[in-house]
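As structure tokens, the structure follows; a few thoughts come after it.
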Amino acid sequence: MSVRVRFAPSPTGYLHIGGARTALFNWLWARKQKGTFVLRIEDTDQSRSTQESEQAIIDSMKWLGLDWDEGPIVGGPHAPYFQMQRLATYDKHAEALIARGKAFRCDCTKELLDRQ
């Protein structure tokens, strides 16, 4: 089995030092192990995610010399590499888990969950 690591920044601003550090560590580990480094954009915060931030993150990764084996621009066998484009895949797997009795739907309100 080969190593697969990913970096999944949220495109709500520029790549910060903590994100760059995480990306660097994952990139180094993938290269040392002759594995795969995946860039996946965590664009689930639709109210704050911007295409400008996506591009700034990609540009910063390139500037740092952190090339990715799969992800935006380069593609790969596990596309798409934007979380919001994967919703149908997640729904399919969630429905399969529910059908097998391994998961269930929760109808609790946010307020009820907050009180728990």
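In the structure tokens, chains take the letters A, B, ... in the order shown, each chain's residues start at 1, and ligands count up from 1 in the order shown.
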Practice prompt. List every residue of region 17-74 of chain A that DSSP, applied to the backbone of this structure, places in strand (DSSP E), and write the result as a PyMOL selection string.
Written response: chain A and resi 36-39
Taking 5 positions as the minimum chain separation for residues in the same chain, which residues sit within 10 Å of His78 (chain A) when counting only C-alpha atoms? Answer as a CSV table (one decimal) with C-alpha atoms, in the first residue's frame.
chain,number,residue,atom,x,y,z
A,38,VAL,CA,-3.4,15.5,-3.0
A,70,GLU,CA,-3.7,15.1,-7.8
A,71,GLY,CA,-6.0,18.1,-7.5
Practice prompt. Tell me, in Å to one decimal, how far CA of Val3 (chain A) is from CA of His93 (chain A).
Written response: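 One can read the CA of Val3 (chain A) to CA of His93 (chain A) distance as 23.6 Å.
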Practice prompt. Write out as a PyMOL selection string all residues of chain A that DSSP puts in alpha helix (DSSP H) for this structure's backbone.
Written response: chain A and resi 17-32+51-64+87-99+110-115
Only N, CA and C atoms, please: the residues just picked out, written as a short mmCIF file (atom, residue, chain, number, x, y, z; two decimals), in the first residue's frame.
data_model
loop_
_atom_site.label_atom_id
_atom_site.label_comp_id
_atom_site.auth_asym_id
_atom_site.auth_seq_id
_atom_site.Cartn_x
_atom_site.Cartn_y
_atom_site.Cartn_z
N ILE A 17 0.45 30.79 7.44
CA ILE A 17 1.66 30.05 7.80
C ILE A 17 1.34 28.66 8.33
N GLY A 18 0.27 28.52 9.10
CA GLY A 18 -0.11 27.20 9.62
C GLY A 18 -0.50 26.26 8.50
N GLY A 19 -1.25 26.77 7.53
CA GLY A 19 -1.62 25.95 6.39
C GLY A 19 -0.42 25.58 5.55
N ALA A 20 0.48 26.54 5.35
CA ALA A 20 1.70 26.28 4.58
C ALA A 20 2.54 25.20 5.27
N ARG A 21 2.63 25.27 6.59
CA ARG A 21 3.39 24.26 7.35
C ARG A 21 2.78 22.87 7.16
N THR A 22 1.45 22.78 7.29
CA THR A 22 0.78 21.50 7.12
C THR A 22 1.00 20.96 5.70
N ALA A 23 0.86 21.83 4.71
CA ALA A 23 1.09 21.42 3.33
C ALA A 23 2.52 20.93 3.14
N LEU A 24 3.48 21.66 3.70
CA LEU A 24 4.89 21.28 3.58
C LEU A 24 5.15 19.91 4.20
N PHE A 25 4.65 19.69 5.42
CA PHE A 25 4.87 18.39 6.08
C PHE A 25 4.27 17.25 5.27
N ASN A 26 3.05 17.44 4.77
CA ASN A 26 2.41 16.39 3.98
C ASN A 26 3.15 16.17 2.67
N TRP A 27 3.58 17.25 2.03
CA TRP A 27 4.32 17.14 0.78
C TRP A 27 5.64 16.39 1.00
N LEU A 28 6.36 16.76 2.07
CA LEU A 28 7.63 16.09 2.38
C LEU A 28 7.42 14.60 2.64
N TRP A 29 6.38 14.27 3.40
CA TRP A 29 6.11 12.86 3.71
C TRP A 29 5.78 12.09 2.44
N ALA A 30 4.94 12.66 1.59
CA ALA A 30 4.58 11.99 0.33
C ALA A 30 5.82 11.77 -0.53
N ARG A 31 6.67 12.76 -0.63
CA ARG A 31 7.87 12.61 -1.45
C ARG A 31 8.84 11.59 -0.86
N LYS A 32 9.04 11.63 0.45
CA LYS A 32 9.94 10.67 1.11
C LYS A 32 9.46 9.24 0.92
N GLN A 51 -13.37 32.49 -5.47
CA GLN A 51 -12.46 32.00 -6.50
C GLN A 51 -11.11 32.69 -6.39
N GLU A 52 -11.11 33.94 -5.95
CA GLU A 52 -9.85 34.67 -5.77
C GLU A 52 -8.99 33.98 -4.71
N SER A 53 -9.63 33.52 -3.63
CA SER A 53 -8.89 32.81 -2.58
C SER A 53 -8.38 31.46 -3.08
N GLU A 54 -9.20 30.76 -3.87
CA GLU A 54 -8.76 29.50 -4.46
C GLU A 54 -7.49 29.74 -5.28
N GLN A 55 -7.52 30.76 -6.11
CA GLN A 55 -6.37 31.05 -6.97
C GLN A 55 -5.17 31.48 -6.14
N ALA A 56 -5.40 32.27 -5.09
CA ALA A 56 -4.29 32.71 -4.23
C ALA A 56 -3.63 31.52 -3.54
N ILE A 57 -4.43 30.54 -3.11
CA ILE A 57 -3.89 29.34 -2.47
C ILE A 57 -3.05 28.55 -3.48
N ILE A 58 -3.60 28.35 -4.66
CA ILE A 58 -2.87 27.62 -5.71
C ILE A 58 -1.57 28.34 -6.06
N ASP A 59 -1.64 29.65 -6.22
CA ASP A 59 -0.43 30.43 -6.53
C ASP A 59 0.60 30.33 -5.41
N SER A 60 0.14 30.37 -4.16
CA SER A 60 1.05 30.27 -3.01
C SER A 60 1.72 28.90 -2.96
N MET A 61 0.94 27.85 -3.23
CA MET A 61 1.50 26.50 -3.23
C MET A 61 2.58 26.38 -4.30
N LYS A 62 2.30 26.93 -5.47
CA LYS A 62 3.30 26.90 -6.55
C LYS A 62 4.54 27.69 -6.16
N TRP A 63 4.35 28.87 -5.58
CA TRP A 63 5.47 29.71 -5.17
C TRP A 63 6.35 29.00 -4.15
N LEU A 64 5.71 28.24 -3.24
CA LEU A 64 6.45 27.48 -2.23
C LEU A 64 7.13 26.24 -2.82
N LEU A 87 -20.62 16.39 -3.56
CA LEU A 87 -21.82 16.14 -2.77
C LEU A 87 -22.60 14.92 -3.24
N ALA A 88 -22.73 14.73 -4.54
CA ALA A 88 -23.47 13.57 -5.05
C ALA A 88 -22.80 12.27 -4.62
N THR A 89 -21.48 12.24 -4.62
CA THR A 89 -20.74 11.05 -4.17
C THR A 89 -21.01 10.79 -2.70
N TYR A 90 -20.95 11.85 -1.88
CA TYR A 90 -21.20 11.69 -0.45
C TYR A 90 -22.63 11.24 -0.19
N ASP A 91 -23.59 11.81 -0.93
CA ASP A 91 -24.99 11.40 -0.77
C ASP A 91 -25.17 9.92 -1.10
N LYS A 92 -24.54 9.47 -2.18
CA LYS A 92 -24.65 8.07 -2.58
C LYS A 92 -24.14 7.14 -1.48
N HIS A 93 -23.01 7.46 -0.90
CA HIS A 93 -22.43 6.61 0.14
C HIS A 93 -23.23 6.70 1.44
N ALA A 94 -23.74 7.88 1.76
CA ALA A 94 -24.58 8.03 2.96
C ALA A 94 -25.86 7.21 2.81
N GLU A 95 -26.48 7.26 1.65
CA GLU A 95 -27.70 6.48 1.41
C GLU A 95 -27.41 4.98 1.51
N ALA A 96 -26.27 4.55 1.03
CA ALA A 96 -25.90 3.12 1.13
C ALA A 96 -25.73 2.72 2.59
N LEU A 97 -25.11 3.56 3.40
CA LEU A 97 -24.96 3.27 4.83
C LEU A 97 -26.31 3.21 5.53
N ILE A 98 -27.20 4.13 5.19
CA ILE A 98 -28.55 4.13 5.78
C ILE A 98 -29.29 2.86 5.38
N ALA A 99 -29.20 2.48 4.13
CA ALA A 99 -29.88 1.28 3.63
C ALA A 99 -29.39 0.02 4.33
N LYS A 110 -31.06 22.44 15.28
CA LYS A 110 -29.78 22.98 15.76
C LYS A 110 -29.89 23.37 17.22
N GLU A 111 -31.02 23.95 17.60
CA GLU A 111 -31.22 24.37 18.99
C GLU A 111 -31.17 23.18 19.94
N LEU A 112 -31.80 22.08 19.56
CA LEU A 112 -31.78 20.89 20.40
C LEU A 112 -30.36 20.34 20.53
N LEU A 113 -29.65 20.29 19.44
CA LEU A 113 -28.27 19.79 19.48
C LEU A 113 -27.38 20.71 20.30
N ASP A 114 -27.60 22.01 20.21
CA ASP A 114 -26.81 22.96 21.00
C ASP A 114 -27.04 22.77 22.50
N ARG A 115 -28.25 22.35 22.88
CA ARG A 115 -28.55 22.14 24.31
C ARG A 115 -27.94 20.85 24.85
#
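In this model, the gap between CA of Tyr14 (chain A) and CA of Gly35 (chain A) comes to 26.8 Å.
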Worksheet item: Closest to Met84 (chain A) among A:Thr44, A:Met1, A:Phe7, A:Leu15, using only C-alpha atoms?
Response: A:Thr44
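Of the residues under consideration (A:Tyr81, A:Val74, A:Cys108, A:Ser49), A:Tyr81 shows the shortest atom-to-atom contact distance to Arg6 (chain A) when counting only C-alpha atoms.
With only C-alpha atoms as the basis for measurement, A:Asp45 is the residue among A:Gln116, A:Gly65, A:Phe104, A:Asp45 that approaches Pro11 (chain A) most closely.
The closest residue to Ile41 (chain A), picked from A:Cys106, A:Ala8, A:Ile73, A:Ala79 and counting only C-alpha atoms, is A:Ala8.
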Discussion item. For a test of reading the model, state the distance in Å between CA of Pro80 (chain A) and CA of Gly13 (chain A), rounded to one decimal.
Written reply: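 Calculated distance between CA of Pro80 (chain A) and CA of Gly13 (chain A) is 21.3 Å.
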